[in-house]
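Enquirer: Just so it is clear, I am handing over final.cif, which has mmCIF, C-alpha atoms.
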```
data_upload
loop_
_atom_site.label_atom_id
_atom_site.label_comp_id
_atom_site.auth_asym_id
_atom_site.auth_seq_id
_atom_site.Cartn_x
_atom_site.Cartn_y
_atom_site.Cartn_z
CA MET A 236 238.71 -19.84 163.12
CA GLY A 237 235.07 -20.22 162.03
CA THR A 238 231.98 -18.90 163.74
CA LEU A 239 232.01 -19.79 167.41
CA PRO A 240 228.98 -20.55 169.60
CA ARG A 241 227.73 -17.82 171.89
CA TYR A 242 229.13 -19.46 175.01
CA ALA A 243 232.66 -19.01 173.63
CA TYR A 244 232.36 -15.24 174.09
CA LEU A 245 232.41 -13.18 177.29
CA SER A 246 230.11 -10.45 178.46
CA PRO A 247 231.80 -7.04 178.85
CA GLU A 248 231.83 -7.49 182.63
CA ARG A 249 233.33 -10.97 182.50
CA GLU A 250 235.83 -9.84 179.89
CA GLN A 251 237.31 -7.38 182.37
CA VAL A 252 237.52 -10.09 185.04
CA GLU A 253 239.29 -12.53 182.71
CA ARG A 254 241.63 -9.82 181.49
CA GLU A 255 242.71 -9.19 185.06
CA LEU A 256 243.08 -12.92 185.79
CA THR A 257 245.24 -13.25 182.70
CA ARG A 258 247.35 -10.29 183.81
CA GLN A 259 247.81 -11.91 187.23
CA GLY A 260 249.18 -15.06 185.60
CA VAL A 261 246.31 -17.46 186.29
CA TYR A 262 246.76 -19.00 182.83
CA ASP A 263 250.57 -18.85 182.78
CA LEU A 264 252.62 -21.95 182.02
CA LEU A 265 253.12 -24.29 184.96
CA PRO A 266 256.75 -25.04 185.95
CA ALA A 267 256.64 -28.40 184.17
CA GLU A 268 255.19 -26.72 181.09
CA VAL A 269 258.07 -24.24 181.07
CA ASP A 270 260.41 -27.25 180.87
CA TRP A 271 258.53 -28.54 177.84
CA GLN A 272 258.51 -25.09 176.21
CA LYS A 273 262.29 -25.07 176.64
CA ARG A 274 262.46 -28.33 174.67
CA GLN A 275 260.04 -27.23 171.94
CA PRO A 276 262.72 -26.11 169.42
CA PHE A 277 264.53 -29.45 169.79
CA LEU A 278 261.33 -31.46 169.40
CA ASP A 279 260.30 -29.35 166.42
CA LYS A 280 263.66 -30.07 164.79
CA MET A 281 263.12 -33.80 165.43
CA GLY A 282 259.72 -33.67 163.73
CA TYR A 283 257.37 -33.28 166.69
CA LYS A 284 254.98 -30.34 166.80
CA LEU A 285 253.77 -29.18 170.21
CA ARG A 286 250.55 -27.25 170.74
CA PRO A 287 250.75 -23.42 170.44
CA ARG A 288 250.84 -23.02 174.23
CA TYR A 289 254.35 -24.50 174.35
CA ARG A 290 255.94 -22.51 171.57
CA PRO A 291 258.57 -19.92 172.57
CA GLY A 292 257.08 -16.48 173.09
CA TRP A 293 253.54 -17.78 173.50
CA ARG A 294 250.92 -15.18 174.33
CA PRO A 295 247.32 -16.11 175.27
CA SER A 296 245.14 -16.04 172.16
CA TRP A 297 242.24 -14.52 174.12
CA ASP A 298 244.19 -11.62 175.56
CA HIS A 299 242.49 -8.27 174.77
CA THR A 300 239.56 -10.05 173.09
CA ASN A 301 236.10 -11.07 174.28
CA LEU A 302 236.89 -14.77 173.85
CA ASN A 303 236.27 -17.03 176.84
CA PRO A 304 239.63 -18.60 177.84
CA THR A 305 237.83 -21.83 178.75
CA TYR A 306 237.15 -22.41 175.06
CA CYS A 307 240.55 -21.30 173.79
CA GLU A 308 242.71 -24.34 173.15
CA ASP A 309 245.89 -22.70 174.38
CA SER A 310 244.45 -22.14 177.86
CA ILE A 311 244.55 -25.87 178.59
CA SER A 312 247.52 -26.97 180.68
CA LEU A 313 249.05 -30.43 181.06
CA ASN A 314 247.49 -32.92 183.46
CA THR A 315 250.70 -34.99 183.76
CA PHE A 316 253.94 -33.11 184.36
CA ASN A 317 256.29 -35.57 182.63
CA VAL A 318 254.15 -36.41 179.57
CA ILE A 319 253.13 -34.10 176.73
CA ASP A 320 251.12 -34.63 173.57
CA ALA A 321 252.54 -33.73 170.15
CA ILE A 322 252.00 -34.32 166.45
CA ARG A 323 254.51 -36.55 164.67
CA VAL A 324 254.63 -34.38 161.59
CA HIS A 325 255.74 -36.79 158.87
CA LYS A 326 252.90 -39.19 159.70
CA ASP A 327 250.38 -36.61 160.98
CA GLN A 328 250.08 -38.84 164.05
CA ARG A 329 249.28 -37.68 167.56
CA VAL A 330 251.81 -39.04 170.03
CA SER A 331 252.76 -38.80 173.69
CA ILE A 332 256.30 -37.89 174.74
CA LYS A 333 257.44 -38.96 178.19
CA ARG A 334 260.48 -37.69 180.10
CA THR A 335 262.10 -40.49 182.06
CA ARG A 336 265.48 -41.36 183.53
CA GLN A 337 267.96 -43.22 181.33
CA GLU A 338 269.36 -45.46 184.07
CA THR A 339 266.08 -47.16 184.96
CA THR A 340 264.91 -50.38 183.33
CA GLU A 341 261.73 -48.74 182.05
CA ILE A 342 263.04 -47.97 178.57
CA ASP A 343 264.73 -51.36 178.05
CA ILE A 344 261.63 -53.26 179.15
CA ALA A 345 259.29 -51.08 177.09
CA GLN A 346 261.45 -51.49 173.97
CA PHE A 347 261.71 -55.24 174.50
CA LEU A 348 257.94 -55.63 174.85
CA SER A 349 257.36 -53.29 171.93
CA SER A 350 259.56 -55.49 169.75
CA ILE A 351 257.27 -58.51 170.13
CA ARG A 352 255.45 -58.54 166.79
CA THR A 353 252.36 -60.58 167.57
CA ALA A 354 248.67 -59.71 167.30
CA ASP A 355 248.11 -60.37 171.00
CA ASN A 356 250.83 -57.96 172.18
CA HIS A 357 249.05 -55.15 174.01
CA CYS A 358 252.13 -53.32 175.27
CA VAL A 359 252.35 -49.77 173.97
CA PRO A 360 254.73 -49.46 170.98
CA ILE A 361 257.84 -47.34 171.42
CA LEU A 362 258.17 -45.16 168.31
CA GLU A 363 261.44 -43.43 169.17
CA VAL A 364 263.73 -42.66 172.10
CA LEU A 365 265.44 -39.25 172.07
CA GLN A 366 268.14 -38.03 174.43
CA ASP A 367 266.98 -35.04 176.43
CA PRO A 368 268.90 -32.02 175.07
CA PHE A 369 269.25 -30.43 178.51
CA GLU A 370 269.57 -33.40 180.86
CA PRO A 371 271.76 -36.20 179.42
CA GLN A 372 270.63 -38.57 182.17
CA ARG A 373 267.06 -38.34 180.87
CA ALA A 374 265.36 -39.55 177.70
CA LEU A 375 262.27 -38.50 175.78
CA VAL A 376 260.25 -41.62 174.93
CA VAL A 377 257.80 -41.26 172.04
CA MET A 378 254.68 -43.46 172.03
CA PRO A 379 251.28 -43.40 170.30
CA TYR A 380 248.82 -41.09 172.03
CA LEU A 381 246.40 -43.07 174.20
CA ARG A 382 243.54 -42.14 176.51
CA PRO A 383 242.25 -43.80 179.72
CA PHE A 384 240.61 -47.15 179.04
CA ASN A 385 237.41 -46.13 180.88
CA GLU A 386 237.00 -42.73 179.22
CA PRO A 387 234.37 -42.68 177.80
CA ASP A 388 232.41 -45.00 180.07
CA PHE A 389 231.70 -48.54 179.00
CA GLU A 390 228.11 -48.83 177.77
CA ALA A 391 227.47 -52.48 176.90
CA VAL A 392 228.27 -55.89 178.37
CA GLY A 393 230.17 -56.88 175.24
CA GLU A 394 232.49 -53.91 175.61
CA VAL A 395 233.59 -55.18 179.03
CA VAL A 396 234.02 -58.70 177.65
CA ASP A 397 236.25 -57.39 174.85
CA PHE A 398 238.35 -55.41 177.34
CA ILE A 399 238.89 -58.49 179.51
CA HIS A 400 239.75 -60.61 176.49
CA GLN A 401 242.37 -58.14 175.28
CA THR A 402 243.99 -57.57 178.67
CA LEU A 403 244.23 -61.31 179.32
CA GLU A 404 246.00 -61.93 176.00
CA LEU A 405 249.25 -60.63 177.45
CA ILE A 406 249.21 -59.72 181.12
CA ALA A 407 251.49 -56.88 182.16
CA PRO A 408 251.37 -54.38 185.02
CA PRO A 409 247.73 -53.24 184.82
CA ASN A 410 248.21 -49.63 183.79
CA VAL A 411 245.84 -49.79 180.84
CA MET A 412 245.10 -47.15 178.22
CA MET A 413 243.11 -47.15 175.00
CA ASP A 414 243.61 -46.11 171.40
CA GLY A 415 240.30 -44.26 171.10
CA ARG A 416 240.62 -43.00 167.53
CA ALA A 417 237.83 -45.29 166.31
CA LEU A 418 235.40 -43.62 168.73
CA TYR A 419 236.33 -40.10 167.66
CA PRO A 420 236.81 -40.11 163.86
CA LYS A 421 237.16 -36.31 163.81
CA GLY A 422 239.59 -36.35 166.73
CA HIS A 423 239.37 -34.91 170.23
CA HIS A 424 241.43 -32.63 172.43
CA PRO A 425 244.43 -34.50 173.89
CA VAL A 426 243.86 -33.20 177.42
CA ARG A 427 240.18 -32.22 177.54
CA TRP A 428 239.04 -35.59 176.21
CA LYS A 429 235.31 -34.86 175.90
CA PHE A 430 235.89 -31.90 173.57
CA SER A 431 236.81 -31.31 169.94
CA GLU A 432 240.43 -30.64 169.05
CA ASP A 433 239.88 -26.88 169.29
CA ALA A 434 238.35 -27.38 172.79
CA VAL A 435 235.15 -25.54 171.81
CA PHE A 436 232.55 -28.26 171.23
CA GLU A 437 231.64 -31.18 173.48
CA ILE A 438 231.57 -34.31 171.34
CA THR A 439 229.82 -37.66 171.58
CA PRO A 440 231.86 -40.84 171.08
CA LEU A 441 230.78 -43.66 168.81
CA SER A 442 229.93 -47.07 170.28
CA ARG A 443 232.76 -49.47 171.14
CA LEU A 444 230.50 -52.30 170.01
CA GLU A 445 230.25 -50.92 166.49
CA HIS A 446 233.73 -49.40 166.44
CA PRO A 447 236.12 -51.69 168.35
CA VAL A 448 239.13 -50.18 170.07
CA ARG A 449 242.47 -51.60 171.14
CA TYR A 450 243.81 -51.48 174.68
CA PHE A 451 247.46 -51.15 175.67
CA TYR A 452 249.57 -51.62 178.78
CA ILE A 453 251.76 -48.62 179.60
CA ASP A 454 254.26 -47.49 182.26
CA PHE A 455 256.97 -50.06 182.96
CA GLY A 456 258.88 -47.93 185.46
CA ILE A 457 258.39 -50.41 188.30
CA SER A 458 258.55 -53.52 186.13
CA MET A 459 261.19 -56.23 186.18
CA ARG A 460 262.53 -58.42 183.39
CA PHE A 461 263.57 -61.95 184.27
CA PRO A 462 266.01 -64.03 182.20
CA GLU A 463 264.31 -66.69 180.13
CA GLY A 464 263.74 -69.77 182.27
CA ALA A 465 264.56 -67.99 185.53
CA PRO A 466 261.99 -68.08 188.35
CA PRO A 467 260.05 -64.77 188.49
CA GLN A 468 260.93 -64.10 192.13
CA ALA A 469 260.71 -60.51 193.39
CA THR A 470 260.58 -58.55 196.64
CA GLY A 471 259.25 -55.11 197.49
CA VAL A 472 255.93 -53.36 197.98
CA ILE A 473 255.38 -50.79 195.25
CA GLY A 474 252.77 -49.27 192.96
CA ARG A 475 249.23 -50.54 192.79
CA TYR A 476 250.37 -54.00 193.91
CA LYS A 477 250.39 -52.97 197.57
CA GLU A 478 247.05 -54.71 198.21
CA ALA A 479 248.22 -58.08 196.88
CA PRO A 480 248.27 -60.48 199.86
CA GLU A 481 251.77 -61.88 199.28
CA MET A 482 253.56 -58.55 198.89
CA SER A 483 256.67 -58.41 201.08
CA TYR A 484 259.86 -56.42 201.43
CA ASP A 485 261.94 -59.49 202.27
CA VAL A 486 260.05 -62.69 201.35
CA PRO A 487 260.29 -63.44 197.60
CA TYR A 488 257.01 -63.82 195.71
CA ASP A 489 256.00 -64.84 192.18
CA ALA A 490 255.78 -61.58 190.21
CA TYR A 491 253.61 -63.16 187.50
CA LYS A 492 251.03 -64.28 190.05
CA VAL A 493 250.96 -60.74 191.45
CA ASP A 494 250.21 -59.44 187.94
CA VAL A 495 247.30 -61.89 187.74
CA TRP A 496 245.99 -60.73 191.11
CA ALA A 497 246.31 -57.06 190.16
CA LEU A 498 244.46 -57.50 186.87
CA GLY A 499 241.73 -59.44 188.65
CA ASN A 500 241.49 -56.58 191.12
CA LEU A 501 241.05 -54.14 188.24
CA PHE A 502 238.21 -56.28 186.84
CA LEU A 503 236.61 -56.34 190.29
CA LYS A 504 236.89 -52.60 191.02
CA GLU A 505 236.14 -51.25 187.56
CA PHE A 506 233.38 -53.64 186.51
CA LEU A 507 231.85 -56.07 189.01
CA GLU A 508 231.60 -53.48 191.79
CA MET A 509 230.37 -50.75 189.44
CA TYR A 510 227.81 -52.52 187.25
CA HIS A 511 224.94 -54.99 187.55
CA GLY A 512 224.72 -57.96 185.20
CA LEU A 513 228.35 -59.06 185.17
CA ASP A 514 228.03 -61.91 187.66
CA PHE A 515 229.13 -64.38 184.98
CA LEU A 516 232.65 -62.95 185.43
CA GLN A 517 232.74 -63.78 189.14
CA PRO A 518 234.41 -67.22 188.74
CA LEU A 519 237.22 -65.65 186.70
CA VAL A 520 237.83 -62.82 189.17
CA GLU A 521 237.73 -65.16 192.17
CA ALA A 522 240.27 -67.49 190.52
CA MET A 523 242.57 -64.55 189.76
CA GLN A 524 242.31 -63.15 193.30
CA ARG A 525 242.85 -66.21 195.45
CA THR A 526 244.83 -65.28 198.54
CA ASP A 527 247.23 -68.21 198.22
CA PRO A 528 249.45 -67.58 195.16
CA ALA A 529 249.90 -71.34 194.72
CA ALA A 530 246.13 -71.72 194.34
CA ARG A 531 245.79 -68.67 192.10
CA VAL A 532 245.42 -69.33 188.39
CA SER A 533 248.17 -68.69 185.88
CA VAL A 534 247.75 -66.34 182.93
CA GLN A 535 246.99 -69.29 180.67
CA ASP A 536 244.40 -70.73 183.07
CA ALA A 537 242.74 -67.34 183.46
CA MET A 538 242.35 -67.12 179.69
CA ALA A 539 240.95 -70.66 179.58
CA ILE A 540 238.33 -69.75 182.21
CA PHE A 541 237.46 -66.61 180.27
CA ASN A 542 237.12 -68.51 176.98
CA SER A 543 234.78 -71.00 178.65
CA ILE A 544 232.64 -68.14 179.98
CA HIS A 545 232.70 -66.29 176.67
CA ALA A 546 231.51 -69.33 174.74
CA ARG A 547 228.28 -69.36 176.77
CA LEU A 548 227.41 -65.69 176.20
CA ASN A 549 224.85 -64.90 173.52
CA ASN A 550 224.78 -61.86 171.26
CA PRO A 551 221.73 -60.16 172.85
CA LEU A 552 223.46 -60.25 176.26
CA LEU A 553 226.70 -58.87 174.82
CA ARG A 554 224.80 -56.00 173.20
CA TRP A 555 222.77 -55.19 176.32
CA ARG A 556 223.61 -52.00 178.17
CA LEU A 557 225.63 -51.86 181.39
CA ARG A 558 223.55 -50.82 184.39
CA SER A 559 225.37 -48.79 187.03
CA ARG A 560 224.93 -49.87 190.64
CA THR A 561 224.18 -46.23 191.51
CA GLU A 562 221.31 -46.04 189.02
CA THR A 563 217.84 -45.26 190.41
CA THR A 564 214.69 -47.19 189.48
CA SER A 565 213.35 -44.32 187.39
CA GLU A 566 216.69 -44.00 185.59
CA ARG A 567 216.67 -47.72 184.91
CA VAL A 568 213.23 -47.54 183.27
CA VAL A 569 214.29 -44.67 181.03
CA TYR A 570 217.67 -46.13 180.08
CA ASP A 571 216.21 -49.60 179.43
CA THR A 572 213.59 -48.08 177.15
CA VAL A 573 216.26 -46.22 175.21
CA ALA A 574 218.38 -49.38 175.01
CA VAL A 575 215.46 -51.41 173.62
CA ALA A 576 214.76 -48.73 171.02
CA ARG A 577 218.42 -48.55 170.04
CA GLU A 578 218.65 -52.32 169.71
CA GLY A 579 215.52 -52.36 167.55
CA LEU A 580 217.04 -49.72 165.29
CA TYR A 581 220.25 -51.75 165.07
CA HIS A 582 218.39 -54.84 163.86
CA LEU A 583 216.29 -52.78 161.45
CA LYS A 584 219.44 -51.35 159.88
CA ARG A 585 220.86 -54.85 159.49
CA LEU A 586 217.70 -55.97 157.67
CA VAL A 587 217.84 -52.99 155.33
CA ILE A 588 221.52 -53.48 154.59
#
```
Just dump the structure as structure tokens.
Expert:
Amino acid sequence: MGTLPRYAYLSPEREQVERELTRQGVYDLLPAEVDWQKRQPFLDKMGYKLRPRYRPGWRPSWDHTNLNPTYCEDSISLNTFNVIDAIRVHKDQRVSIKRTRQETTEIDIAQFLSSIRTADNHCVPILEVLQDPFEPQRALVVMPYLRPFNEPDFEAVGEVVDFIHQTLELIAPPNVMMDGRALYPKGHHPVRWKFSEDAVFEITPLSRLEHPVRYFYIDFGISMRFPEGAPPQATGVIGRYKEAPEMSYDVPYDAYKVDVWALGNLFLKEFLEMYHGLDFLQPLVEAMQRTDPAARVSVQDAMAIFNSIHARLNNPLLRWRLRSRTETTSERVVYDTVAVAREGLYHLKRLVI
């Protein structure tokens, strides 16, 4: 470990407080983490390296030191009980490992979608499926490590347009994540996303405009697979589809049209209601969210509407910053000034190159 910043160390008074908190078990493994620690030897044997916190016999690295636990990587617990990050050793690749039940359709659907080898397939690849060594009815599903699609925040109009383009290429249940490696060339912590891998330094992401990312659909636990040519009729009110107008426990509905509605709802909530300057997307969202499923657009029609909109957008608009609806007038003046300066620097660099 190199030289740490001053904030990574505790005062003598605070050191005593943290020592007592550690003794009381404040930083102990959570019950779900104990389950993962139990599986660490098996995963290690299979070529997956967990963080030090989950290794058998782990002791806090800050114990009996003046290090601040907040900036010790092994103080950071999981934020999802059934998913853990790991390193796939032979490829030095960060992955996510999910515990799920064998008898559900989630694994079959995920593997089927993962097998579609086309450029427009945005379903998360399944790298490997391992049988849980302690619970035969469960499996450990290995996937590339992804982070939330809106972390970090979108900054430019073109970034939103790219997101919509990618998610319309192959609509699936709208649980969307992002491969953010292009934004963090030196990596980031898998749980504390805004920090370096050692959890000490807060880091600034690169621009999505200059360093494009790829988005993926995840989580197929409540998905259904229909035989080719069969009508996509479903019943039930589950997941984030509950708001869709046609949802019913007993009246069949078109599952594909519900997916369209749900993705349109995501566009509405995450973009149109959060930012100014995206009104050009309104016709697309309205078409995707029509109350009558028969009048609602299909996936193909939604993409056609988007392509028509996209063709009319010019490069200066795509590069312009997103303006939050909660932004004050004074903030707008400052941020617009910075955006103009940044755009000028961008064009100057292009002239020099």
Enquirer: I'd like to know which of A:Val396, A:Leu403, A:Ile438, A:Val532 is closest to His545 in chain A, using all atoms listed in the file.
Expert: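 Closest candidate: A:Val396.
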Enquirer: Would you write out, as a list of chain:residue names, every residue that the PyMOL selection byres ((chain A and resi 394) around 10) captures in this file?
Expert: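 Checking the PyMOL selection byres ((chain A and resi 394) around 10) against this file, the residues are A:Asp388, A:Phe389, A:Glu390, A:Ala391, A:Val392, A:Gly393, A:Val395, A:Val396, A:Asp397, A:Phe398, A:Ile399, A:His400, A:Ser442, A:Arg443, A:Leu444, A:Glu445, A:Pro447, A:Val448, A:Leu553, A:Arg554, A:Trp555, A:Arg556, A:Leu557.
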Enquirer: What do you get, as a list in words, if you spell out every residue that the PyMOL selection byres ((chain A and resi 318) around 6) selects here?
Expert: Thr315, Phe316, Asn317, Ile319, Ile332 and Lys333 of chain A
Enquirer: Would you pick out the contacts of Asp327 in chain A at 12 Å or less, using only C-alpha atoms, so that residues sharing its chain but fewer than 4 positions from it are not included, and give the list as a list in words?
Expert: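 Neighbouring residues, sequence-local ones excluded: Gly282, Tyr283, Lys284, Ala321, Ile322, Arg323 and Pro379 of chain A.
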Enquirer: Give the answer as one residue: which of A:Leu405, A:Met538, A:Leu548, A:Val269 has the shortest atom-to-atom distance to Asp355 in chain A, using only C-alpha atoms?
Expert: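 Closest residue, counting only C-alpha atoms: A:Leu405.
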Enquirer: To test your reading of the syntax: which residues would the PyMOL selection byres ((chain A and resi 421) around 12) return for the file shown? Reply as a ChimeraX atom specification.
Expert: /A:415-420,422-424,430-433,436,438-441
Enquirer: Just to confirm, what's the straight-line distance from CA of Pro528 in chain A to CA of Met412 in chain A in Å (one decimal)?
Expert: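 Interatomic distance here is 26.9 Å.
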Enquirer: What is the distance, in Å and to one decimal place, between CA of Leu513 in chain A and CA of Glu562 in chain A?
Expert: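 Going from CA of Leu513 in chain A over to CA of Glu562 in chain A, I get 15.3 Å.
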Enquirer: For each of A:Ser543, A:Asp320, A:Met378, A:Val435, take the minimum atom-to-atom distance to Tyr244 in chain A, counting only C-alpha atoms, then give the residue where this is smallest.
Expert: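 Smallest distance to Tyr244 in chain A is found for A:Val435.
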Enquirer: For Arg531 in chain A, which of A:Cys358, A:Val252, A:Ala497, A:Val261 is the closest residue, counting all atoms listed in the file?
Expert: A:Ala497
Enquirer: Taking all atoms listed in the file into account, which of A:Tyr484, A:Phe502, A:Phe277, A:Trp271 comes nearest Leu365 in chain A?
Expert: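 Checking each of A:Tyr484, A:Phe502, A:Phe277, A:Trp271 against Leu365 in chain A, counting all atoms listed in the file, the winner is A:Phe277.
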Enquirer: Arg558 in chain A: which residues within 8 Å, counting all atoms listed in the file, same-chain residues fewer than 4 positions away excluded, as a count of residues only?
Expert: 5
Enquirer: For the atom pair CA of Asp514 in chain A and CA of Glu566 in chain A, what is the interatomic distance in Å to one decimal place?
Expert: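 Calculated distance between CA of Asp514 in chain A and CA of Glu566 in chain A is 21.3 Å.
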Enquirer: For Val411 in chain A, which residue among A:Asp489, A:Glu386, A:Asp270, A:Glu463 is the nearest when counting all atoms listed in the file?
Expert: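 Looking only at the distances to Val411 in chain A, the closest residue turns out to be A:Glu386.
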